[in-house]
Amino acid sequence: MSQPKILVLGPPGAGKGTQSSNIVEAYDVDHITTGDALRANKDMETEYGTPRSFMEAGELVPDPVVNEIVKAAIEDADGFVLDGYPRNLSQAEYLDDITDLDLVALLDVDREELVDRLTGRRVCDDCGANFHVDFAPPEEEGVCDECGGELIQRDDDTEETVKERLNVFEENTQPVIDYYEDEGELVRVDGEQSPDEVWDDLQDAIEDAI
Ligand code: AMP
């Protein structure tokens, strides 16, 4: 059987990155994440301007830019977990045209919990490991436990930008969730549990789907 094709949906801060890494490890698939791809190419000139200008405002980067990134990555992958895309209906329709998914899973988390998670998040500037000032502090403040790198706050994890990102999610991405729900394809997972409990539920959903 070919490798699974999985979409992980959820608001910013729901744990999509963490759970996608678990999927990559367990099923040996590619991790396709538009957020990381755009962060690595923030100053790329496009006909719409650079991704940076949109990202720092918490807005969506224009569809043609992200669609192209995703298409190229899907063509290269034998099985994948898609994280951070689609974020609006037009991206969801584009995705429908270029691939068939085995599972669409939603990590469900309340808005207040998301604000706390995101504004307290710190990431390692070198290896990308995630920490949280209250919920998962590093052993030494500001220093990565994994590699000793410097922990920084993402430009878009400030309170003002977080609120804007959550508004953008509710406005643009909620219709994507409704779209998959109407198709009967959506599996909801309680994203407020511990990361291990979320992974248990998600893995059950994947095993049912493949
Ligand atoms: P993330 O790391 O997934 O939270 O993404 C960070 C930022 O990258 C978002 O706030 C958007 O500005 C941009 N971005 C990531 N994925 C997409 C997407 N599918 N469509 C448009 N913009 C995106």
# chains A, B, ... in the order shown; residues from 1 in each chain; ligands from 1
>>> closest_atom_pairs(of="region 73-120 of chain A", to="region 133-151 of chain A", cutoff="12 Å", atoms="only C-alpha atoms", output="JSON lines")
{"residue": "A:Glu113", "atom": "CA", "partner": "A:Phe135", "partner_atom": "CA", "distance": 11.5}
{"residue": "A:Asp116", "atom": "CA", "partner": "A:Asp134", "partner_atom": "CA", "distance": 9.3}
{"residue": "A:Arg117", "atom": "CA", "partner": "A:Phe135", "partner_atom": "CA", "distance": 8.2}
{"residue": "A:Leu118", "atom": "CA", "partner": "A:Val133", "partner_atom": "CA", "distance": 10.3}
{"residue": "A:Thr119", "atom": "CA", "partner": "A:Val133", "partner_atom": "CA", "distance": 9.1}
{"residue": "A:Gly120", "atom": "CA", "partner": "A:Val133", "partner_atom": "CA", "distance": 5.3}
>>> write_last_selection(atoms="N, CA, C and O atoms", output="mmCIF file, in the first residue's frame")
data_model
loop_
_atom_site.group_PDB
_atom_site.id
_atom_site.type_symbol
_atom_site.label_atom_id
_atom_site.label_comp_id
_atom_site.auth_asym_id
_atom_site.auth_seq_id
_atom_site.Cartn_x
_atom_site.Cartn_y
_atom_site.Cartn_z
ATOM 1 N N GLU A 113 -7.408 29.303 25.411
ATOM 2 C CA GLU A 113 -6.270 28.394 25.584
ATOM 3 C C GLU A 113 -5.217 28.672 24.489
ATOM 4 O O GLU A 113 -4.009 28.656 24.751
ATOM 5 N N ASP A 116 -3.049 31.787 25.277
ATOM 6 C CA ASP A 116 -2.021 31.472 26.284
ATOM 7 C C ASP A 116 -0.900 30.644 25.690
ATOM 8 O O ASP A 116 0.275 30.880 25.951
ATOM 9 N N ARG A 117 -1.267 29.645 24.903
ATOM 10 C CA ARG A 117 -0.238 28.777 24.324
ATOM 11 C C ARG A 117 0.699 29.547 23.397
ATOM 12 O O ARG A 117 1.912 29.379 23.435
ATOM 13 N N LEU A 118 0.112 30.405 22.553
ATOM 14 C CA LEU A 118 0.929 31.054 21.507
ATOM 15 C C LEU A 118 1.788 32.182 22.056
ATOM 16 O O LEU A 118 2.962 32.305 21.684
ATOM 17 N N THR A 119 1.220 33.011 22.945
ATOM 18 C CA THR A 119 2.019 34.140 23.426
ATOM 19 C C THR A 119 3.145 33.660 24.338
ATOM 20 O O THR A 119 4.162 34.323 24.471
ATOM 21 N N GLY A 120 2.988 32.477 24.959
ATOM 22 C CA GLY A 120 4.049 31.931 25.826
ATOM 23 C C GLY A 120 5.014 31.018 25.087
ATOM 24 O O GLY A 120 5.974 30.526 25.663
#
>>> residues_near_ligand(ligand="ligand 1", cutoff="8 Å", atoms="only C-alpha atoms and all ligand atoms", output="MDAnalysis selection string")
chainID A and resid 12:13 33:36 38:39 51:52 54:63 66:67 83:88 91 156 165
>>> atom_distance(atom1="CA of Arg122 (chain A)", atom2="CA of Ser20 (chain A)")
18.5 Å
>>> residues_around(residues="Pro4 (chain A)", least_positions_apart="3", cutoff="8 Å", atoms="only C-alpha atoms", output="JSON, numbers by chain")
{"A": [27, 29, 79, 80, 101, 102, 210]}
>>> select_by_dssp(residues="region 7-187 of chain A", states="strand (DSSP E)", output="ChimeraX atom specification")
/A:7-9,30-33,80-83,103-108,121-124,130-132,151-152,186-187
>>> residues_around(residues="Ala26 (chain A)", least_positions_apart="5", cutoff="12 Å", atoms="only C-alpha atoms", output="ChimeraX atom specification")
/A:3-4,19-21,31,80-81,199-200,202-203,206-207
>>> write_last_selection(atoms="N, CA and C atoms", output="PDB file, in the first residue's frame")
ATOM      1  N   GLN A   3       1.923   5.109   0.960  1.00  0.00           N
ATOM      2  CA  GLN A   3       1.944   5.771   2.269  1.00  0.00           C
ATOM      3  C   GLN A   3       0.701   6.652   2.444  1.00  0.00           C
ATOM      4  N   PRO A   4       0.240   6.857   3.700  1.00  0.00           N
ATOM      5  CA  PRO A   4      -0.979   7.648   3.907  1.00  0.00           C
ATOM      6  C   PRO A   4      -0.818   9.135   3.587  1.00  0.00           C
ATOM      7  N   GLN A  19       1.995  17.195  16.484  1.00  0.00           N
ATOM      8  CA  GLN A  19       1.331  15.953  16.064  1.00  0.00           C
ATOM      9  C   GLN A  19       1.774  15.544  14.658  1.00  0.00           C
ATOM     10  N   SER A  20       2.066  16.525  13.806  1.00  0.00           N
ATOM     11  CA  SER A  20       2.562  16.179  12.467  1.00  0.00           C
ATOM     12  C   SER A  20       3.913  15.483  12.572  1.00  0.00           C
ATOM     13  N   SER A  21       4.767  15.936  13.504  1.00  0.00           N
ATOM     14  CA  SER A  21       6.070  15.278  13.690  1.00  0.00           C
ATOM     15  C   SER A  21       5.875  13.836  14.136  1.00  0.00           C
ATOM     16  N   HIS A  31       6.579  15.800   5.781  1.00  0.00           N
ATOM     17  CA  HIS A  31       5.841  16.846   6.501  1.00  0.00           C
ATOM     18  C   HIS A  31       5.766  18.057   5.587  1.00  0.00           C
ATOM     19  N   PHE A  80       2.145  11.893   2.886  1.00  0.00           N
ATOM     20  CA  PHE A  80       2.494  13.165   3.535  1.00  0.00           C
ATOM     21  C   PHE A  80       1.529  13.472   4.660  1.00  0.00           C
ATOM     22  N   VAL A  81       1.978  14.389   5.537  1.00  0.00           N
ATOM     23  CA  VAL A  81       1.059  15.035   6.455  1.00  0.00           C
ATOM     24  C   VAL A  81       1.129  16.518   6.131  1.00  0.00           C
ATOM     25  N   TRP A 199      -2.074  12.360  20.705  1.00  0.00           N
ATOM     26  CA  TRP A 199      -1.446  11.437  19.745  1.00  0.00           C
ATOM     27  C   TRP A 199      -2.140  10.074  19.747  1.00  0.00           C
ATOM     28  N   ASP A 200      -2.527   9.575  20.921  1.00  0.00           N
ATOM     29  CA  ASP A 200      -3.248   8.289  20.978  1.00  0.00           C
ATOM     30  C   ASP A 200      -4.532   8.359  20.149  1.00  0.00           C
ATOM     31  N   LEU A 202      -5.301  10.518  17.785  1.00  0.00           N
ATOM     32  CA  LEU A 202      -5.020  10.764  16.373  1.00  0.00           C
ATOM     33  C   LEU A 202      -4.564   9.467  15.694  1.00  0.00           C
ATOM     34  N   GLN A 203      -3.733   8.716  16.394  1.00  0.00           N
ATOM     35  CA  GLN A 203      -3.248   7.468  15.807  1.00  0.00           C
ATOM     36  C   GLN A 203      -4.407   6.480  15.593  1.00  0.00           C
ATOM     37  N   ILE A 206      -6.085   7.509  12.462  1.00  0.00           N
ATOM     38  CA  ILE A 206      -5.301   7.157  11.267  1.00  0.00           C
ATOM     39  C   ILE A 206      -5.449   5.667  10.974  1.00  0.00           C
ATOM     40  N   GLU A 207      -5.353   4.850  12.026  1.00  0.00           N
ATOM     41  CA  GLU A 207      -5.462   3.394  11.818  1.00  0.00           C
ATOM     42  C   GLU A 207      -6.836   3.026  11.259  1.00  0.00           C
TER      43      GLU A 207
END
>>> residues_around(residues="Asp100 (chain A)", least_positions_apart="3", cutoff="10 Å", atoms="only C-alpha atoms", output="PDB file with all heavy atoms, in the first residue's frame")
ATOM      1  N   LYS A   5      -1.958   9.727   3.224  1.00  0.00           N
ATOM      2  CA  LYS A   5      -2.021  11.168   2.941  1.00  0.00           C
ATOM      3  C   LYS A   5      -2.980  11.770   3.959  1.00  0.00           C
ATOM      4  O   LYS A   5      -4.183  11.519   3.917  1.00  0.00           O
ATOM      5  CB  LYS A   5      -2.538  11.394   1.524  1.00  0.00           C
ATOM      6  CG  LYS A   5      -1.604  10.810   0.476  1.00  0.00           C
ATOM      7  CD  LYS A   5      -2.221  10.917  -0.887  1.00  0.00           C
ATOM      8  CE  LYS A   5      -1.281  10.301  -1.905  1.00  0.00           C
ATOM      9  NZ  LYS A   5      -1.942  10.092  -3.194  1.00  0.00           N
ATOM     10  N   ILE A   6      -2.414  12.557   4.857  1.00  0.00           N
ATOM     11  CA  ILE A   6      -3.178  13.013   6.027  1.00  0.00           C
ATOM     12  C   ILE A   6      -3.173  14.535   6.098  1.00  0.00           C
ATOM     13  O   ILE A   6      -2.127  15.166   5.905  1.00  0.00           O
ATOM     14  CB  ILE A   6      -2.540  12.433   7.314  1.00  0.00           C
ATOM     15  CG1 ILE A   6      -2.603  10.903   7.268  1.00  0.00           C
ATOM     16  CG2 ILE A   6      -3.233  12.977   8.560  1.00  0.00           C
ATOM     17  CD1 ILE A   6      -1.720  10.233   8.291  1.00  0.00           C
ATOM     18  N   LEU A  95      -6.669  21.958  -3.422  1.00  0.00           N
ATOM     19  CA  LEU A  95      -6.112  20.704  -2.900  1.00  0.00           C
ATOM     20  C   LEU A  95      -6.912  19.502  -3.407  1.00  0.00           C
ATOM     21  O   LEU A  95      -6.333  18.478  -3.781  1.00  0.00           O
ATOM     22  CB  LEU A  95      -6.112  20.748  -1.364  1.00  0.00           C
ATOM     23  CG  LEU A  95      -5.522  19.532  -0.661  1.00  0.00           C
ATOM     24  CD1 LEU A  95      -4.035  19.379  -0.980  1.00  0.00           C
ATOM     25  CD2 LEU A  95      -5.714  19.644   0.851  1.00  0.00           C
ATOM     26  N   ASP A  96      -8.237  19.642  -3.440  1.00  0.00           N
ATOM     27  CA  ASP A  96      -9.105  18.575  -3.957  1.00  0.00           C
ATOM     28  C   ASP A  96      -8.736  18.188  -5.375  1.00  0.00           C
ATOM     29  O   ASP A  96      -8.843  17.022  -5.752  1.00  0.00           O
ATOM     30  CB  ASP A  96     -10.556  19.108  -4.012  1.00  0.00           C
ATOM     31  CG  ASP A  96     -11.387  18.524  -2.898  1.00  0.00           C
ATOM     32  OD1 ASP A  96     -10.850  17.711  -2.131  1.00  0.00           O
ATOM     33  OD2 ASP A  96     -12.573  18.898  -2.803  1.00  0.00           O
ATOM     34  N   ASP A  97      -8.332  19.183  -6.159  1.00  0.00           N
ATOM     35  CA  ASP A  97      -7.995  18.935  -7.566  1.00  0.00           C
ATOM     36  C   ASP A  97      -6.672  18.209  -7.730  1.00  0.00           C
ATOM     37  O   ASP A  97      -6.451  17.569  -8.750  1.00  0.00           O
ATOM     38  CB  ASP A  97      -7.903  20.267  -8.348  1.00  0.00           C
ATOM     39  CG  ASP A  97      -9.265  20.858  -8.597  1.00  0.00           C
ATOM     40  OD1 ASP A  97     -10.262  20.116  -8.481  1.00  0.00           O
ATOM     41  OD2 ASP A  97      -9.333  22.067  -8.907  1.00  0.00           O
ATOM     42  N   LEU A 103      -7.218  10.938   5.326  1.00  0.00           N
ATOM     43  CA  LEU A 103      -7.811  11.382   6.597  1.00  0.00           C
ATOM     44  C   LEU A 103      -7.716  12.897   6.724  1.00  0.00           C
ATOM     45  O   LEU A 103      -6.680  13.486   6.423  1.00  0.00           O
ATOM     46  CB  LEU A 103      -7.050  10.747   7.778  1.00  0.00           C
ATOM     47  CG  LEU A 103      -7.474  11.238   9.173  1.00  0.00           C
ATOM     48  CD1 LEU A 103      -8.875  10.733   9.526  1.00  0.00           C
ATOM     49  CD2 LEU A 103      -6.483  10.787  10.247  1.00  0.00           C
TER      50      LEU A 103
END
>>> closest_residue(among="A:Ser2, A:Asp196, A:Leu9, A:Gly184", to="Ala105 (chain A)", atoms="only C-alpha atoms")
A:Leu9
>>> atom_distance(atom1="CA of Gln153 (chain A)", atom2="CA of Arg121 (chain A)")
6.6 Å
>>> select_by_dssp(residues="region 72-190 of chain A", states="helix (DSSP H, G or I)", output="short mmCIF file (atom, residue, chain, number, x, y, z; two decimals) with N, CA and C atoms, in the first residue's frame")
data_model
loop_
_atom_site.label_atom_id
_atom_site.label_comp_id
_atom_site.auth_asym_id
_atom_site.auth_seq_id
_atom_site.Cartn_x
_atom_site.Cartn_y
_atom_site.Cartn_z
N ALA A 72 4.16 21.46 -5.48
CA ALA A 72 5.51 20.92 -5.71
C ALA A 72 5.84 19.89 -4.62
N ALA A 73 5.47 20.17 -3.38
CA ALA A 73 5.81 19.25 -2.28
C ALA A 73 5.01 17.95 -2.40
N ILE A 74 3.74 18.05 -2.81
CA ILE A 74 2.92 16.84 -2.94
C ILE A 74 3.43 15.97 -4.08
N GLU A 75 3.86 16.61 -5.15
CA GLU A 75 4.37 15.83 -6.29
C GLU A 75 5.62 15.04 -5.91
N ASP A 76 6.39 15.59 -4.98
CA ASP A 76 7.64 14.95 -4.56
C ASP A 76 7.44 13.88 -3.50
N LEU A 89 -11.26 28.42 1.68
CA LEU A 89 -11.99 27.49 0.82
C LEU A 89 -11.34 27.33 -0.54
N SER A 90 -10.77 28.42 -1.06
CA SER A 90 -10.19 28.31 -2.39
C SER A 90 -8.96 27.39 -2.36
N GLN A 91 -8.18 27.42 -1.28
CA GLN A 91 -7.06 26.47 -1.15
C GLN A 91 -7.58 25.03 -1.01
N ALA A 92 -8.70 24.86 -0.30
CA ALA A 92 -9.26 23.50 -0.12
C ALA A 92 -9.71 22.93 -1.47
N GLU A 93 -10.30 23.79 -2.29
CA GLU A 93 -10.75 23.32 -3.61
C GLU A 93 -9.55 22.99 -4.49
N TYR A 94 -8.51 23.81 -4.39
CA TYR A 94 -7.29 23.54 -5.15
C TYR A 94 -6.71 22.18 -4.73
N LEU A 95 -6.67 21.96 -3.42
CA LEU A 95 -6.11 20.70 -2.90
C LEU A 95 -6.91 19.50 -3.41
N ASP A 96 -8.24 19.64 -3.44
CA ASP A 96 -9.10 18.58 -3.96
C ASP A 96 -8.74 18.19 -5.38
N ASP A 97 -8.33 19.18 -6.16
CA ASP A 97 -8.00 18.93 -7.57
C ASP A 97 -6.67 18.21 -7.73
N ILE A 98 -5.76 18.37 -6.76
CA ILE A 98 -4.42 17.81 -6.99
C ILE A 98 -4.14 16.53 -6.20
N ARG A 111 -10.40 29.16 22.10
CA ARG A 111 -9.64 30.36 21.78
C ARG A 111 -8.76 30.86 22.94
N GLU A 112 -9.31 30.90 24.17
CA GLU A 112 -8.51 31.43 25.30
C GLU A 112 -7.25 30.60 25.52
N GLU A 113 -7.41 29.30 25.41
CA GLU A 113 -6.27 28.39 25.58
C GLU A 113 -5.22 28.67 24.49
N LEU A 114 -5.67 28.98 23.29
CA LEU A 114 -4.74 29.22 22.17
C LEU A 114 -3.92 30.48 22.41
N VAL A 115 -4.57 31.54 22.92
CA VAL A 115 -3.84 32.79 23.18
C VAL A 115 -2.73 32.52 24.19
N ASP A 116 -3.05 31.79 25.28
CA ASP A 116 -2.02 31.47 26.28
C ASP A 116 -0.90 30.64 25.69
N ARG A 117 -1.27 29.65 24.90
CA ARG A 117 -0.24 28.78 24.32
C ARG A 117 0.70 29.55 23.40
N LEU A 118 0.11 30.41 22.55
CA LEU A 118 0.93 31.05 21.51
C LEU A 118 1.79 32.18 22.06
N THR A 119 1.22 33.01 22.95
CA THR A 119 2.02 34.14 23.43
C THR A 119 3.15 33.66 24.34
N ASP A 155 8.10 36.24 15.54
CA ASP A 155 7.59 37.60 15.31
C ASP A 155 6.08 37.66 15.40
N ASP A 156 5.41 36.56 14.98
CA ASP A 156 3.95 36.60 14.93
C ASP A 156 3.30 35.97 16.17
N ASP A 157 4.08 35.71 17.23
CA ASP A 157 3.50 35.19 18.48
C ASP A 157 3.26 36.30 19.51
N GLU A 159 1.05 39.27 21.33
CA GLU A 159 -0.39 39.19 21.61
C GLU A 159 -1.25 39.78 20.49
N GLU A 160 -0.83 40.93 19.98
CA GLU A 160 -1.64 41.60 18.95
C GLU A 160 -1.75 40.73 17.69
N THR A 161 -0.60 40.18 17.25
CA THR A 161 -0.63 39.38 16.03
C THR A 161 -1.34 38.05 16.25
N VAL A 162 -1.19 37.47 17.45
CA VAL A 162 -1.91 36.22 17.75
C VAL A 162 -3.41 36.43 17.61
N LYS A 163 -3.92 37.56 18.15
CA LYS A 163 -5.37 37.80 18.08
C LYS A 163 -5.80 37.93 16.62
N GLU A 164 -4.97 38.60 15.82
CA GLU A 164 -5.29 38.75 14.40
C GLU A 164 -5.26 37.39 13.70
N ARG A 165 -4.27 36.55 14.04
CA ARG A 165 -4.19 35.22 13.41
C ARG A 165 -5.42 34.38 13.76
N LEU A 166 -5.90 34.52 15.01
CA LEU A 166 -7.08 33.75 15.39
C LEU A 166 -8.33 34.28 14.68
N ASN A 167 -8.39 35.61 14.49
CA ASN A 167 -9.52 36.16 13.72
C ASN A 167 -9.49 35.66 12.29
N VAL A 168 -8.30 35.66 11.70
CA VAL A 168 -8.15 35.18 10.32
C VAL A 168 -8.57 33.71 10.25
N PHE A 169 -8.20 32.94 11.26
CA PHE A 169 -8.59 31.52 11.28
C PHE A 169 -10.11 31.39 11.31
N GLU A 170 -10.75 32.15 12.21
CA GLU A 170 -12.21 32.00 12.34
C GLU A 170 -12.91 32.41 11.05
N GLU A 171 -12.38 33.46 10.41
CA GLU A 171 -13.03 33.96 9.21
C GLU A 171 -12.76 33.08 7.98
N ASN A 172 -11.51 32.66 7.81
CA ASN A 172 -11.13 31.98 6.57
C ASN A 172 -11.09 30.46 6.68
N THR A 173 -10.63 29.95 7.82
CA THR A 173 -10.37 28.51 7.90
C THR A 173 -11.56 27.75 8.48
N GLN A 174 -12.40 28.43 9.27
CA GLN A 174 -13.60 27.74 9.77
C GLN A 174 -14.45 27.20 8.59
N PRO A 175 -14.61 27.98 7.50
CA PRO A 175 -15.35 27.41 6.36
C PRO A 175 -14.71 26.15 5.77
N VAL A 176 -13.39 26.02 5.91
CA VAL A 176 -12.70 24.81 5.41
C VAL A 176 -13.12 23.61 6.28
N ILE A 177 -13.21 23.85 7.59
CA ILE A 177 -13.63 22.80 8.51
C ILE A 177 -15.07 22.38 8.19
N ASP A 178 -15.94 23.39 7.99
CA ASP A 178 -17.33 23.09 7.66
C ASP A 178 -17.42 22.29 6.35
N TYR A 179 -16.56 22.64 5.40
CA TYR A 179 -16.52 21.98 4.09
C TYR A 179 -16.23 20.48 4.26
N TYR A 180 -15.18 20.14 5.02
CA TYR A 180 -14.85 18.72 5.21
C TYR A 180 -15.90 18.03 6.08
N GLU A 181 -16.46 18.78 7.03
CA GLU A 181 -17.50 18.19 7.88
C GLU A 181 -18.73 17.83 7.04
N ASP A 182 -19.12 18.76 6.14
CA ASP A 182 -20.27 18.50 5.28
C ASP A 182 -20.03 17.30 4.38
#
>>> closest_residue(among="A:Ile32, A:Ala14, A:Ala40, A:Ala129", to="Val70 (chain A)", atoms="only C-alpha atoms")
A:Ile32
>>> atom_distance(atom1="CA of Val109 (chain A)", atom2="CA of Thr158 (chain A)")
19.1 Å
